[in-house]
$ cat protein_36.txt   # compact mmCIF, C-alpha atoms and all ligand atoms
# COMPACT_ATOMS: atom_id res chain seq x y z
CA MET A 1 149.49 56.71 148.12
CA SER A 2 147.25 54.98 150.67
CA LEU A 3 145.16 52.05 149.56
CA THR A 4 141.89 53.93 150.11
CA ASN A 5 143.12 56.76 147.91
CA ARG A 6 144.21 54.30 145.26
CA ILE A 7 140.72 52.77 145.29
CA LEU A 8 139.13 56.22 145.03
CA LEU A 9 141.48 57.14 142.19
CA ALA A 10 140.51 53.90 140.43
CA MET A 11 136.87 54.94 140.79
CA VAL A 12 137.48 58.30 139.18
CA LEU A 13 139.55 56.77 136.38
CA GLY A 14 136.94 54.04 135.77
CA ILE A 15 134.08 56.54 135.63
CA SER A 16 136.07 58.81 133.29
CA LEU A 17 137.25 56.08 130.93
CA GLY A 18 133.78 54.49 130.91
CA SER A 19 132.12 57.80 130.05
CA ILE A 20 134.66 58.46 127.27
CA LEU A 21 134.04 54.99 125.84
CA GLU A 22 130.29 55.57 126.04
CA ILE A 23 130.57 58.75 124.01
CA LEU A 24 132.97 57.07 121.57
CA LEU A 25 130.66 54.09 121.07
CA GLY A 26 127.70 56.42 120.59
CA ASN A 27 129.51 58.13 117.73
CA LEU A 28 130.88 55.03 116.00
CA ASP A 29 129.18 53.01 113.31
CA THR A 30 128.38 49.62 114.86
CA GLU A 31 129.69 47.88 111.73
CA THR A 32 133.22 49.23 112.03
CA GLN A 33 136.15 47.24 113.33
CA LEU A 34 136.95 49.88 115.93
CA TYR A 35 133.45 49.57 117.39
CA GLY A 36 133.84 45.79 117.58
CA PHE A 37 137.21 46.13 119.28
CA VAL A 38 136.05 48.71 121.83
CA TYR A 39 132.66 47.15 122.60
CA ASN A 40 133.29 43.42 122.33
CA GLY A 41 137.00 43.38 123.06
CA LEU A 42 137.32 45.98 125.80
CA VAL A 43 133.99 46.83 127.39
CA MET A 44 132.22 43.47 127.22
CA GLY A 45 135.53 41.61 127.07
CA VAL A 46 138.42 42.62 129.34
CA PHE A 47 136.54 44.97 131.69
CA ASP A 48 133.44 42.82 132.05
CA VAL A 49 135.49 39.69 132.73
CA LEU A 50 137.71 41.39 135.30
CA GLY A 51 134.74 43.07 137.00
CA ARG A 52 132.78 39.86 137.23
CA ILE A 53 135.72 37.92 138.61
CA PHE A 54 136.12 40.63 141.24
CA ILE A 55 132.45 40.43 142.28
CA ALA A 56 132.56 36.63 142.31
CA SER A 57 135.57 36.67 144.63
CA LEU A 58 133.81 39.08 146.97
CA LYS A 59 130.68 36.95 147.05
CA LEU A 60 132.80 33.88 147.64
CA LEU A 61 133.82 35.24 151.02
CA VAL A 62 130.39 36.28 152.24
CA VAL A 63 129.12 32.97 153.62
CA PRO A 64 132.38 31.81 155.26
CA LEU A 65 132.91 35.26 156.74
CA VAL A 66 129.41 35.62 158.18
CA LEU A 67 129.54 32.13 159.59
CA VAL A 68 132.91 32.41 161.31
CA SER A 69 132.47 36.02 162.50
CA LEU A 70 129.13 35.29 164.04
CA ILE A 71 130.26 32.08 165.67
CA CYS A 72 133.35 33.82 167.07
CA GLY A 73 131.17 36.76 168.12
CA MET A 74 128.84 34.50 170.06
CA ALA A 75 131.83 32.80 171.62
CA ALA A 76 133.20 36.21 172.63
CA LEU A 77 129.94 37.03 174.35
CA GLY A 78 130.38 33.76 176.20
CA ALA A 79 127.59 32.61 178.40
CA SER A 80 126.50 36.21 179.11
CA SER A 81 122.94 37.02 178.22
CA ARG A 82 123.75 40.08 176.11
CA MET A 83 122.60 38.59 172.82
CA GLY A 84 118.97 39.55 173.49
CA PRO A 85 119.66 43.25 174.18
CA ILE A 86 122.14 43.45 171.28
CA ALA A 87 119.58 41.95 168.91
CA GLY A 88 116.81 44.18 170.27
CA LYS A 89 118.81 47.40 169.99
CA THR A 90 120.13 46.51 166.54
CA LEU A 91 116.71 45.64 165.13
CA GLY A 92 115.09 48.65 166.80
CA LEU A 93 117.63 51.08 165.35
CA TYR A 94 117.45 49.48 161.91
CA LEU A 95 113.68 49.89 161.90
CA ILE A 96 113.64 53.45 163.22
CA THR A 97 116.28 54.70 160.78
CA THR A 98 114.43 53.06 157.89
CA CYS A 99 111.15 54.73 158.89
CA ILE A 100 112.97 58.08 159.05
CA ALA A 101 114.42 57.36 155.60
CA VAL A 102 111.06 56.67 153.90
CA THR A 103 109.39 59.61 155.59
CA LEU A 104 112.21 61.90 154.50
CA GLY A 105 111.95 60.60 150.93
CA LEU A 106 108.19 61.12 150.87
CA ALA A 107 108.32 64.58 152.41
CA VAL A 108 111.00 65.94 150.09
CA ALA A 109 109.34 64.43 147.01
CA ILE A 110 105.98 65.96 147.97
CA ILE A 111 107.57 69.37 148.45
CA VAL A 112 109.77 69.29 145.32
CA GLY A 113 107.21 67.59 143.06
CA PRO A 114 109.62 65.81 140.67
CA GLY A 115 106.78 64.13 138.77
CA ASN A 116 104.71 67.21 138.05
CA GLY A 117 104.60 67.88 134.34
CA VAL A 118 106.27 64.61 133.33
CA ASN A 119 104.60 62.61 130.57
CA ALA A 120 103.06 59.35 131.82
CA ILE A 121 103.79 57.34 128.70
CA ALA A 122 106.37 54.81 129.79
CA SER A 123 109.02 54.20 127.19
CA VAL A 124 110.01 50.72 128.30
CA ASP A 125 107.97 47.54 128.45
CA PHE A 126 108.01 46.43 132.01
CA VAL A 127 106.62 43.26 133.50
CA PRO A 128 106.67 43.59 137.27
CA LYS A 129 107.94 40.59 139.15
CA GLU A 130 105.87 39.20 141.97
CA ALA A 131 107.17 40.23 145.40
CA PRO A 132 107.38 37.38 147.95
CA PRO A 133 104.55 37.28 150.54
CA ILE A 134 105.47 38.48 154.03
CA LYS A 135 104.39 35.24 155.74
CA GLU A 136 106.75 33.16 153.59
CA THR A 137 109.54 35.65 154.15
CA LEU A 138 109.18 35.21 157.92
CA ILE A 139 109.12 31.42 157.82
CA ASN A 140 112.09 31.43 155.46
CA ILE A 141 114.34 33.00 158.07
CA PHE A 142 114.58 29.61 159.77
CA PRO A 143 116.71 27.06 157.95
CA THR A 144 115.72 23.47 157.48
CA ASN A 145 119.09 22.63 156.04
CA PRO A 146 122.19 24.67 156.94
CA VAL A 147 124.17 23.37 153.98
CA ALA A 148 121.43 24.42 151.58
CA ALA A 149 121.25 27.82 153.29
CA MET A 150 124.97 28.30 152.78
CA ALA A 151 124.90 26.97 149.24
CA GLU A 152 122.10 29.37 148.31
CA GLY A 153 123.74 32.24 150.19
CA ASN A 154 120.57 32.75 152.24
CA MET A 155 122.04 35.18 154.71
CA LEU A 156 119.27 35.28 157.32
CA GLN A 157 119.27 31.49 157.54
CA VAL A 158 123.05 31.42 157.83
CA ILE A 159 122.82 33.99 160.64
CA VAL A 160 120.27 31.89 162.55
CA PHE A 161 122.40 28.76 162.13
CA ALA A 162 125.60 30.52 163.19
CA LEU A 163 123.90 31.97 166.27
CA LEU A 164 122.77 28.49 167.28
CA VAL A 165 126.19 26.93 166.73
CA GLY A 166 127.93 29.78 168.58
CA PHE A 167 125.51 29.55 171.48
CA ALA A 168 125.83 25.77 171.72
CA MET A 169 129.62 25.99 171.61
CA THR A 170 129.74 28.25 174.65
CA ARG A 171 127.70 25.64 176.52
CA ALA A 172 129.57 22.56 175.34
CA GLY A 173 132.50 22.60 177.77
CA GLU A 174 135.88 21.47 176.48
CA ALA A 175 134.59 20.31 173.14
CA GLY A 176 133.09 23.76 172.61
CA GLU A 177 136.35 25.46 173.59
CA ARG A 178 138.34 23.38 171.11
CA LEU A 179 135.92 24.23 168.35
CA ILE A 180 135.91 27.93 169.26
CA ALA A 181 139.70 28.01 168.97
CA TRP A 182 139.42 26.36 165.55
CA PHE A 183 136.85 28.88 164.35
CA GLN A 184 138.97 31.75 165.65
CA ASP A 185 141.88 30.51 163.55
CA LEU A 186 139.57 30.20 160.58
CA GLU A 187 138.42 33.76 161.08
CA VAL A 188 141.97 35.05 160.91
CA VAL A 189 142.44 33.21 157.62
CA VAL A 190 139.16 34.44 156.09
CA MET A 191 139.93 38.02 157.16
CA LYS A 192 143.31 37.66 155.43
CA MET A 193 141.45 36.72 152.26
CA VAL A 194 139.31 39.84 152.58
CA GLY A 195 142.55 41.79 152.98
CA VAL A 196 143.92 40.36 149.74
CA LEU A 197 140.74 41.40 147.94
CA ILE A 198 140.98 44.92 149.30
CA GLU A 199 144.53 45.09 147.93
CA LEU A 200 143.20 44.08 144.53
CA ALA A 201 140.26 46.48 144.76
CA PRO A 202 141.75 49.30 142.65
CA TYR A 203 141.82 46.98 139.62
CA GLY A 204 138.40 45.45 140.32
CA VAL A 205 136.72 48.79 140.94
CA PHE A 206 138.32 50.27 137.82
CA ALA A 207 137.11 47.40 135.62
CA LEU A 208 133.58 47.40 137.07
CA LEU A 209 133.07 51.11 136.72
CA THR A 210 134.57 51.35 133.24
CA LYS A 211 132.19 48.69 131.94
CA LEU A 212 129.24 50.17 133.78
CA PHE A 213 129.70 53.73 132.62
CA ALA A 214 130.52 52.64 129.06
CA THR A 215 127.13 50.93 128.85
CA MET A 216 125.03 53.16 131.10
CA GLY A 217 123.27 55.48 128.67
CA PHE A 218 122.96 58.91 130.22
CA GLU A 219 120.21 60.44 128.08
CA THR A 220 117.45 59.26 130.41
CA ILE A 221 119.06 61.10 133.29
CA PHE A 222 118.37 64.39 131.53
CA ASP A 223 114.77 63.37 130.81
CA LEU A 224 114.22 62.53 134.46
CA ALA A 225 116.58 65.11 135.92
CA LYS A 226 114.18 66.31 138.59
CA TYR A 227 113.51 62.79 139.91
CA PHE A 228 117.18 61.88 139.66
CA PHE A 229 118.50 64.89 141.55
CA THR A 230 115.74 64.91 144.16
CA LEU A 231 116.47 61.30 145.03
CA LEU A 232 120.22 61.86 144.93
CA ALA A 233 119.94 64.83 147.29
CA VAL A 234 117.83 62.88 149.81
CA LEU A 235 120.22 59.92 149.64
CA LEU A 236 123.24 62.13 150.29
CA PHE A 237 121.45 64.01 153.07
CA HIS A 238 120.46 60.79 154.81
CA GLY A 239 123.87 59.18 154.32
CA LEU A 240 125.89 62.14 155.50
CA VAL A 241 123.67 64.18 157.82
CA ILE A 242 121.03 61.88 159.35
CA TYR A 243 123.50 59.11 160.23
CA GLY A 244 125.83 61.77 161.61
CA LEU A 245 123.00 63.01 163.84
CA VAL A 246 122.14 59.46 164.93
CA LEU A 247 125.74 58.88 165.97
CA ARG A 248 126.06 62.30 167.62
CA THR A 249 122.86 62.00 169.64
CA LEU A 250 123.27 58.41 170.75
CA THR A 251 127.03 58.40 171.41
CA PRO A 252 129.81 60.93 172.01
CA LEU A 253 131.65 59.60 168.92
CA SER A 254 132.61 61.84 166.02
CA PRO A 255 130.65 61.20 162.80
CA ALA A 256 133.54 62.66 160.77
CA VAL A 257 135.72 59.75 161.88
CA LEU A 258 133.12 57.22 160.78
CA ARG A 259 132.68 58.93 157.42
CA ALA A 260 136.41 59.02 156.78
CA LYS A 261 136.74 55.33 157.60
CA MET A 262 133.78 54.36 155.44
CA ARG A 263 135.31 55.66 152.19
CA ARG A 264 136.76 52.29 151.28
CA VAL A 265 133.40 50.60 151.86
CA TRP A 266 131.61 53.28 149.82
CA ALA A 267 133.88 52.60 146.88
CA PHE A 268 132.98 48.92 147.00
CA ALA A 269 129.25 49.58 147.45
CA PHE A 270 129.21 52.13 144.66
CA SER A 271 130.99 49.93 142.16
CA THR A 272 129.24 46.65 142.98
CA SER A 273 125.71 48.02 143.70
CA SER A 274 125.33 45.17 146.13
CA SER A 275 125.36 45.33 149.92
CA GLY A 276 125.83 41.55 149.79
CA ALA A 277 129.00 41.68 147.71
CA THR A 278 130.27 44.57 149.86
CA LEU A 279 129.64 42.68 153.10
CA PRO A 280 133.19 41.32 153.55
CA ILE A 281 134.58 44.85 153.34
CA THR A 282 131.88 46.36 155.56
CA LEU A 283 132.46 43.70 158.18
CA ARG A 284 136.21 44.07 158.12
CA THR A 285 136.00 47.86 158.28
CA VAL A 286 133.48 47.87 161.12
CA GLU A 287 135.56 45.43 163.14
CA LYS A 288 139.06 46.56 162.44
CA ARG A 289 138.77 50.21 161.50
CA LEU A 290 135.86 51.29 163.68
CA GLY A 291 136.77 49.01 166.58
CA VAL A 292 133.41 47.25 166.96
CA ASN A 293 133.87 43.93 168.72
CA LYS A 294 132.97 40.91 166.64
CA SER A 295 130.24 39.96 169.10
CA VAL A 296 128.28 42.95 167.78
CA ALA A 297 129.77 43.33 164.29
CA GLY A 298 129.39 39.64 163.44
CA PHE A 299 125.68 39.89 164.15
CA ALA A 300 124.71 43.46 163.24
CA VAL A 301 126.59 43.87 159.96
CA PRO A 302 125.41 40.73 158.10
CA LEU A 303 121.90 41.26 159.47
CA GLY A 304 122.00 44.88 158.32
CA ALA A 305 123.29 43.97 154.88
CA THR A 306 120.26 41.74 154.53
CA ILE A 307 117.44 43.71 156.15
CA ASN A 308 118.57 47.30 156.66
CA MET A 309 118.25 49.28 153.46
CA ASP A 310 117.58 52.92 154.12
CA GLY A 311 118.76 54.02 150.70
CA THR A 312 116.32 51.60 149.13
CA ALA A 313 113.52 52.85 151.39
CA ILE A 314 114.25 56.43 150.35
CA MET A 315 114.10 55.42 146.69
CA GLN A 316 110.76 53.74 147.29
CA GLY A 317 109.37 56.84 149.01
CA VAL A 318 110.53 59.28 146.33
CA ALA A 319 109.59 56.94 143.47
CA THR A 320 106.07 56.38 144.82
CA VAL A 321 105.37 60.10 145.05
CA PHE A 322 106.99 60.65 141.64
CA ILE A 323 104.83 57.98 139.99
CA ALA A 324 101.67 59.27 141.70
CA GLN A 325 102.45 62.78 140.43
CA VAL A 326 103.11 61.58 136.89
CA TYR A 327 99.76 59.78 136.85
CA GLY A 328 98.08 62.80 138.43
CA ILE A 329 97.03 60.89 141.55
CA ASP A 330 96.84 62.74 144.87
CA LEU A 331 98.09 60.57 147.71
CA SER A 332 95.84 60.66 150.79
CA SER A 333 97.37 60.60 154.26
CA SER A 334 96.32 56.96 154.75
CA GLN A 335 98.03 56.07 151.46
CA LEU A 336 101.15 57.87 152.64
CA LEU A 337 101.11 55.93 155.89
CA MET A 338 100.70 52.75 153.89
CA VAL A 339 103.77 53.72 151.86
CA VAL A 340 105.83 54.25 155.03
CA LEU A 341 104.80 50.82 156.32
CA THR A 342 105.19 48.88 153.11
CA ALA A 343 108.39 50.62 152.05
CA THR A 344 109.92 49.77 155.42
CA LEU A 345 108.86 46.15 155.04
CA ALA A 346 109.83 46.11 151.38
CA SER A 347 113.31 47.42 152.11
CA ILE A 348 113.70 44.66 154.71
CA GLY A 349 112.69 42.08 152.13
CA THR A 350 114.88 43.53 149.38
CA ALA A 351 117.74 41.23 148.41
CA ALA A 352 121.21 42.74 148.77
CA VAL A 353 121.87 42.61 145.03
CA PRO A 354 121.78 45.18 142.21
CA SER A 355 118.34 46.60 141.34
CA ALA A 356 116.49 44.45 143.88
CA GLY A 357 114.82 47.57 145.26
CA LEU A 358 112.96 48.02 141.97
CA ILE A 359 111.23 44.66 142.36
CA MET A 360 110.03 45.54 145.82
CA LEU A 361 108.81 48.90 144.57
CA SER A 362 106.00 47.03 142.80
CA LEU A 363 104.82 45.83 146.21
CA VAL A 364 104.76 49.35 147.61
CA LEU A 365 102.88 50.69 144.59
CA THR A 366 100.30 47.90 144.74
CA GLN A 367 99.67 48.47 148.45
CA ALA A 368 99.25 52.20 147.88
CA GLY A 369 96.84 51.53 145.01
CA LEU A 370 99.12 53.03 142.35
CA PRO A 371 99.78 51.67 138.85
CA VAL A 372 102.62 49.14 138.97
CA GLU A 373 103.61 49.99 135.39
CA GLY A 374 104.92 53.23 136.88
CA VAL A 375 108.14 51.36 137.69
CA ALA A 376 108.97 51.52 133.99
CA LEU A 377 109.24 55.30 134.25
CA ILE A 378 112.27 55.20 136.49
CA LEU A 379 114.04 52.12 135.08
CA GLY A 380 116.34 54.16 132.86
CA VAL A 381 117.96 56.10 135.69
CA ASP A 382 117.93 53.44 138.34
CA ARG A 383 121.37 51.97 137.79
CA LEU A 384 123.34 54.97 138.94
CA LEU A 385 120.95 55.64 141.81
CA ASP A 386 121.25 52.02 142.87
CA MET A 387 124.98 52.55 143.30
CA VAL A 388 124.42 55.52 145.60
CA ARG A 389 121.63 53.91 147.61
CA THR A 390 123.76 50.83 148.17
CA ALA A 391 126.44 53.10 149.68
CA VAL A 392 123.74 54.59 151.95
CA ASN A 393 122.55 51.10 152.89
CA VAL A 394 125.99 50.00 154.06
CA THR A 395 126.58 53.27 155.95
CA GLY A 396 123.42 52.53 157.94
CA ASP A 397 124.74 49.10 158.86
CA ALA A 398 128.06 50.52 160.06
CA THR A 399 126.46 53.39 162.00
CA VAL A 400 123.96 51.18 163.84
CA SER A 401 126.65 48.58 164.63
CA THR A 402 128.85 51.32 166.10
CA VAL A 403 126.02 52.76 168.21
CA VAL A 404 125.00 49.35 169.55
CA ALA A 405 128.61 48.38 170.26
CA TYR A 406 129.15 51.64 172.13
CA HIS A 407 126.13 51.05 174.35
CA GLU A 408 127.06 47.45 174.99
CA GLY A 409 130.63 48.31 175.98
CA GLN A 410 131.84 46.45 172.89
CA LEU A 411 133.50 49.37 171.12
CA ASP A 412 137.23 49.95 171.29
CA GLU A 413 137.36 53.74 171.21
CA VAL A 414 141.12 53.74 170.76
CA VAL A 415 140.67 51.88 167.46
CA TYR A 416 137.71 54.09 166.52
CA ASN A 417 139.73 57.25 166.96
CA ASP A 418 142.92 55.88 165.43
CA PRO A 419 143.00 57.14 161.83
CA ASN A 420 145.54 54.46 160.93
CA ALA A 421 143.62 51.46 162.27
CA ASP A 422 143.65 48.76 159.57
CA LEU A 423 144.77 51.36 157.06
CA GLU A 424 147.76 49.36 156.05
CA LEU A 425 146.44 45.85 155.91
CA ASP A 426 149.52 44.14 157.29
CA SER A 427 149.04 45.91 160.62
CA GLU A 428 145.92 43.88 161.31
CA GLU A 429 147.33 41.89 164.21
CA SER A 430 148.05 45.04 166.18
CA THR A 431 144.60 46.52 165.60
CA GLU A 432 142.63 43.46 166.73
CA ALA A 433 139.62 44.94 168.56
CA VAL A 434 140.07 43.93 172.15
CA VAL A 435 137.38 44.99 174.57
N1 LIG A 501 121.37 47.27 145.45
C1 LIG A 501 120.84 47.51 146.77
C2 LIG A 501 121.72 46.83 147.79
O1 LIG A 501 122.30 45.81 147.51
C3 LIG A 501 119.43 47.03 146.91
C4 LIG A 501 118.52 47.86 146.06
O2 LIG A 501 118.32 47.54 144.89
O3 LIG A 501 118.02 48.88 146.55
O4 LIG A 501 121.84 47.32 148.88

$ encode --input "protein_36.txt" --output "structure tokens" --more "lines below"
Ligand code: ASP
Amino acid sequence: MSLTNRILLAMVLGISLGSILEILLGNLDTETQLYGFVYNGLVMGVFDVLGRIFIASLKLLVVPLVLVSLICGMAALGASSRMGPIAGKTLGLYLITTCIAVTLGLAVAIIVGPGNGVNAIASVDFVPKEAPPIKETLINIFPTNPVAAMAEGNMLQVIVFALLVGFAMTRAGEAGERLIAWFQDLEVVVMKMVGVLIELAPYGVFALLTKLFATMGFETIFDLAKYFFTLLAVLLFHGLVIYGLVLRTLTPLSPAVLRAKMRRVWAFAFSTSSSGATLPITLRTVEKRLGVNKSVAGFAVPLGATINMDGTAIMQGVATVFIAQVYGIDLSSSQLLMVVLTATLASIGTAAVPSAGLIMLSLVLTQAGLPVEGVALILGVDRLLDMVRTAVNVTGDATVSTVVAYHEGQLDEVVYNDPNADLELDSEESTEAVV
């Protein structure tokens, strides 16, 4: 069985076992020994420990990988002046797709009306966290201390630093060349580490999902079924159809190929709920399976993981309309426009970690003049939706990177169309994207 299929099988098994354990725990007396064994020993013991170790190892690779890929990418671009157009196209596409995402979320939610008839009494106490001000967010992109940026995992700062180092290296003559060669070696080693993690993924994904589904609590999904399924439908539509259209209209590439190659990344995004933790796999897949040269992938993918969150934007659109409907508030067209603007900005500012989108939702609600306590209404069903929107978020990063690479002549179409590229991880040397 191929590795991707093994990961997908692990997902199914994890979800099934987790759900069975959830039902079992729900029916057991908490005082019994069996409950203690299943809950403390298995769910919060073995599975939680394994899952957390898996996520920690993924996160471990993020900073080194972004740093070396971006530096090598800049070196690959050499002294050419393509960085400006690549950055412009990438940012432009990220913004446009996010605007489409919020608008789609708003439109569908207005038509379907998931909040009509729902009781406004929130069942959970919720204290909204303060969202960071936009001015600070902008200033914070620029690092004062690269070591601190790396230690804190501040991705935008690491990107800025890596771009500077890469640029300087291409201008530093022999010294630069020596250093470039060193970084290229380092990249091979870090990519190998990502490969090892992908090999271990079936176990990690299984442990994560078993623990998650055993502790999820599904009752709230039935209470909020209309919200849940409306949002799910928009997420799937955007992830599968809109990105397909973007790829089809802007390039002659087949969206089916991209979707097939993204399955591995989806499994990681779904089980970790974090675009940040998934970044090593997204980057490796975009480079080695989709054939995007590292000059584009090294820049566009980490940037996208940090600022491009279409799934999150969709959630914010649907949730805003839902909350307005529950509170019986009619949204005016200027409020709707405000939601499109703030949700786009909020999704940019959302951290690539689980449930971060919920925090930024408070910002959107405040700007639209809606009660912030409304966030409490959707808390109960957010976990599962977070998993799906994270998968949408990473698909956006891969799609935009592919489109930009195609237009910049940085896409190896042979690799893109080769179904076996980087399928078996030991073949990596032969599938090195050469443009
Ligand atoms: N979990 C999402 C991500 O990492 C962010 C969110 O909460 O929407 O992409």

$ residues_around --input "protein_36.txt" --residues "stretch 40-49 of chain A" --least-positions-apart "3" --cutoff "8 Å" --atoms "only C-alpha atoms" --output "PyMOL selection string"
chain A and resi 35-37+52-53+207-208+210-211+214

$ write_last_selection --input "protein_36.txt" --atoms "C-alpha atoms" --output "PDB file, in the coordinates of the input"
ATOM      1  CA  TYR A  35     133.450  49.570 117.390  1.00  0.00           C
ATOM      2  CA  GLY A  36     133.840  45.790 117.580  1.00  0.00           C
ATOM      3  CA  PHE A  37     137.210  46.130 119.280  1.00  0.00           C
ATOM      4  CA  ARG A  52     132.780  39.860 137.230  1.00  0.00           C
ATOM      5  CA  ILE A  53     135.720  37.920 138.610  1.00  0.00           C
ATOM      6  CA  ALA A 207     137.110  47.400 135.620  1.00  0.00           C
ATOM      7  CA  LEU A 208     133.580  47.400 137.070  1.00  0.00           C
ATOM      8  CA  THR A 210     134.570  51.350 133.240  1.00  0.00           C
ATOM      9  CA  LYS A 211     132.190  48.690 131.940  1.00  0.00           C
ATOM     10  CA  ALA A 214     130.520  52.640 129.060  1.00  0.00           C
TER      11      ALA A 214
END

$ closest_residue --input "protein_36.txt" --among "A:Asp412, A:Glu219, A:Asp310, A:Asp422" --to "ligand LIG 501 (chain A)" --atoms "all atoms listed in the file"
A:Asp310

$ atom_distance --input "protein_36.txt" --atom1 "atom CA of A:Val63" --atom2 "atom CA of A:Asn420"
28.0 Å

$ closest_residue --input "protein_36.txt" --among "A:Pro302, A:Gly369, A:Gly73, A:Gly328" --to "ligand LIG 501 (chain A)" --atoms "all atoms listed in the file"
A:Pro302

$ closest_residue --input "protein_36.txt" --among "A:Leu67, A:Met11, A:Thr306, A:Val400" --to "A:Leu186" --atoms "all atoms listed in the file"
A:Leu67

$ residues_around --input "protein_36.txt" --residues "A:Thr230" --least-positions-apart "6" --cutoff "10 Å" --atoms "only C-alpha atoms" --output "list in words"
Gly105, Val108, Ala109, Val112, Gly113, Pro114, Met315 and Val318 of chain A

$ closest_residue --input "protein_36.txt" --among "A:Met74, A:Val196, A:Val147, A:Ala352" --to "A:Asn308" --atoms "only C-alpha atoms"
A:Ala352

$ axis_aligned_box --input "protein_36.txt" --around "ligand LIG 501 (chain A)" --padding-each-side "8 Å" --output "JSON"
{"center_x": 120.2, "center_y": 47.3, "center_z": 146.9, "size_x": 20.3, "size_y": 19.1, "size_z": 20.0}

$ residues_near_point --input "protein_36.txt" --point "(127.9, 54.8, 173.7)" --cutoff "12 Å" --atoms "all atoms listed in the file" --output "PDB file with C-alpha atoms, in the coordinates of the input"
ATOM      1  CA  VAL A 246     122.140  59.460 164.930  1.00  0.00           C
ATOM      2  CA  LEU A 247     125.740  58.880 165.970  1.00  0.00           C
ATOM      3  CA  ARG A 248     126.060  62.300 167.620  1.00  0.00           C
ATOM      4  CA  THR A 249     122.860  62.000 169.640  1.00  0.00           C
ATOM      5  CA  LEU A 250     123.270  58.410 170.750  1.00  0.00           C
ATOM      6  CA  THR A 251     127.030  58.400 171.410  1.00  0.00           C
ATOM      7  CA  PRO A 252     129.810  60.930 172.010  1.00  0.00           C
ATOM      8  CA  LEU A 253     131.650  59.600 168.920  1.00  0.00           C
ATOM      9  CA  SER A 254     132.610  61.840 166.020  1.00  0.00           C
ATOM     10  CA  VAL A 292     133.410  47.250 166.960  1.00  0.00           C
ATOM     11  CA  THR A 399     126.460  53.390 162.000  1.00  0.00           C
ATOM     12  CA  VAL A 400     123.960  51.180 163.840  1.00  0.00           C
ATOM     13  CA  SER A 401     126.650  48.580 164.630  1.00  0.00           C
ATOM     14  CA  THR A 402     128.850  51.320 166.100  1.00  0.00           C
ATOM     15  CA  VAL A 403     126.020  52.760 168.210  1.00  0.00           C
ATOM     16  CA  VAL A 404     125.000  49.350 169.550  1.00  0.00           C
ATOM     17  CA  ALA A 405     128.610  48.380 170.260  1.00  0.00           C
ATOM     18  CA  TYR A 406     129.150  51.640 172.130  1.00  0.00           C
ATOM     19  CA  HIS A 407     126.130  51.050 174.350  1.00  0.00           C
ATOM     20  CA  GLU A 408     127.060  47.450 174.990  1.00  0.00           C
ATOM     21  CA  GLY A 409     130.630  48.310 175.980  1.00  0.00           C
ATOM     22  CA  GLN A 410     131.840  46.450 172.890  1.00  0.00           C
ATOM     23  CA  LEU A 411     133.500  49.370 171.120  1.00  0.00           C
ATOM     24  CA  ASP A 412     137.230  49.950 171.290  1.00  0.00           C
ATOM     25  CA  GLU A 413     137.360  53.740 171.210  1.00  0.00           C
TER      26      GLU A 413
END

$ residues_near_ligand --input "protein_36.txt" --ligand "ligand LIG 501 (chain A)" --cutoff "7 Å" --atoms "all atoms listed in the file" --output "short mmCIF file (atom, residue, chain, number, x, y, z; two decimals) with C-alpha atoms, keeping the file's coordinate frame"
data_model
loop_
_atom_site.label_atom_id
_atom_site.label_comp_id
_atom_site.auth_asym_id
_atom_site.auth_seq_id
_atom_site.Cartn_x
_atom_site.Cartn_y
_atom_site.Cartn_z
CA SER A 273 125.71 48.02 143.70
CA SER A 274 125.33 45.17 146.13
CA SER A 275 125.36 45.33 149.92
CA GLY A 276 125.83 41.55 149.79
CA MET A 309 118.25 49.28 153.46
CA GLY A 311 118.76 54.02 150.70
CA THR A 312 116.32 51.60 149.13
CA THR A 350 114.88 43.53 149.38
CA ALA A 351 117.74 41.23 148.41
CA ALA A 352 121.21 42.74 148.77
CA VAL A 353 121.87 42.61 145.03
CA PRO A 354 121.78 45.18 142.21
CA SER A 355 118.34 46.60 141.34
CA ALA A 356 116.49 44.45 143.88
CA GLY A 357 114.82 47.57 145.26
CA LEU A 358 112.96 48.02 141.97
CA ASP A 386 121.25 52.02 142.87
CA MET A 387 124.98 52.55 143.30
CA ARG A 389 121.63 53.91 147.61
CA THR A 390 123.76 50.83 148.17
CA ASN A 393 122.55 51.10 152.89
#

$ atom_distance --input "protein_36.txt" --atom1 "atom CA of A:Met169" --atom2 "atom CA of A:Lys89"
24.0 Å

$ atom_distance --input "protein_36.txt" --atom1 "atom CA of A:Ile86" --atom2 "atom CA of A:Leu337"
28.9 Å

$ residues_around --input "protein_36.txt" --residues "A:Gln367" --least-positions-apart "2" --cutoff "8 Å" --atoms "only C-alpha atoms" --output "list in words"
Met338, Val339, Thr342, Leu363, Val364, Leu365, Gly369 and Leu370 of chain A

$ residues_near_point --input "protein_36.txt" --point "(115.7, 48.4, 165.0)" --cutoff "12 Å" --atoms "all atoms listed in the file" --output "PyMOL selection string"
chain A and resi 85-100+300+303-304+307-310+344+348+396-397+400-401+403-404

$ closest_residue --input "protein_36.txt" --among "A:Thr103, A:Thr220, A:Ser333, A:Asn140" --to "A:Val234" --atoms "all atoms listed in the file"
A:Thr103

$ closest_residue --input "protein_36.txt" --among "A:Val118, A:Ile20, A:Val296, A:Leu423" --to "A:Arg263" --atoms "all atoms listed in the file"
A:Leu423

$ residues_around --input "protein_36.txt" --residues "A:Ala76" --least-positions-apart "6" --cutoff "9 Å" --atoms "only C-alpha atoms" --output "mmCIF file with C-alpha atoms, in the frame of the given file"
data_model
loop_
_atom_site.group_PDB
_atom_site.id
_atom_site.type_symbol
_atom_site.label_atom_id
_atom_site.label_comp_id
_atom_site.auth_asym_id
_atom_site.auth_seq_id
_atom_site.Cartn_x
_atom_site.Cartn_y
_atom_site.Cartn_z
ATOM 1 C CA THR A 170 129.740 28.250 174.650
ATOM 2 C CA ASN A 293 133.870 43.930 168.720
ATOM 3 C CA LYS A 294 132.970 40.910 166.640
ATOM 4 C CA SER A 295 130.240 39.960 169.100
#
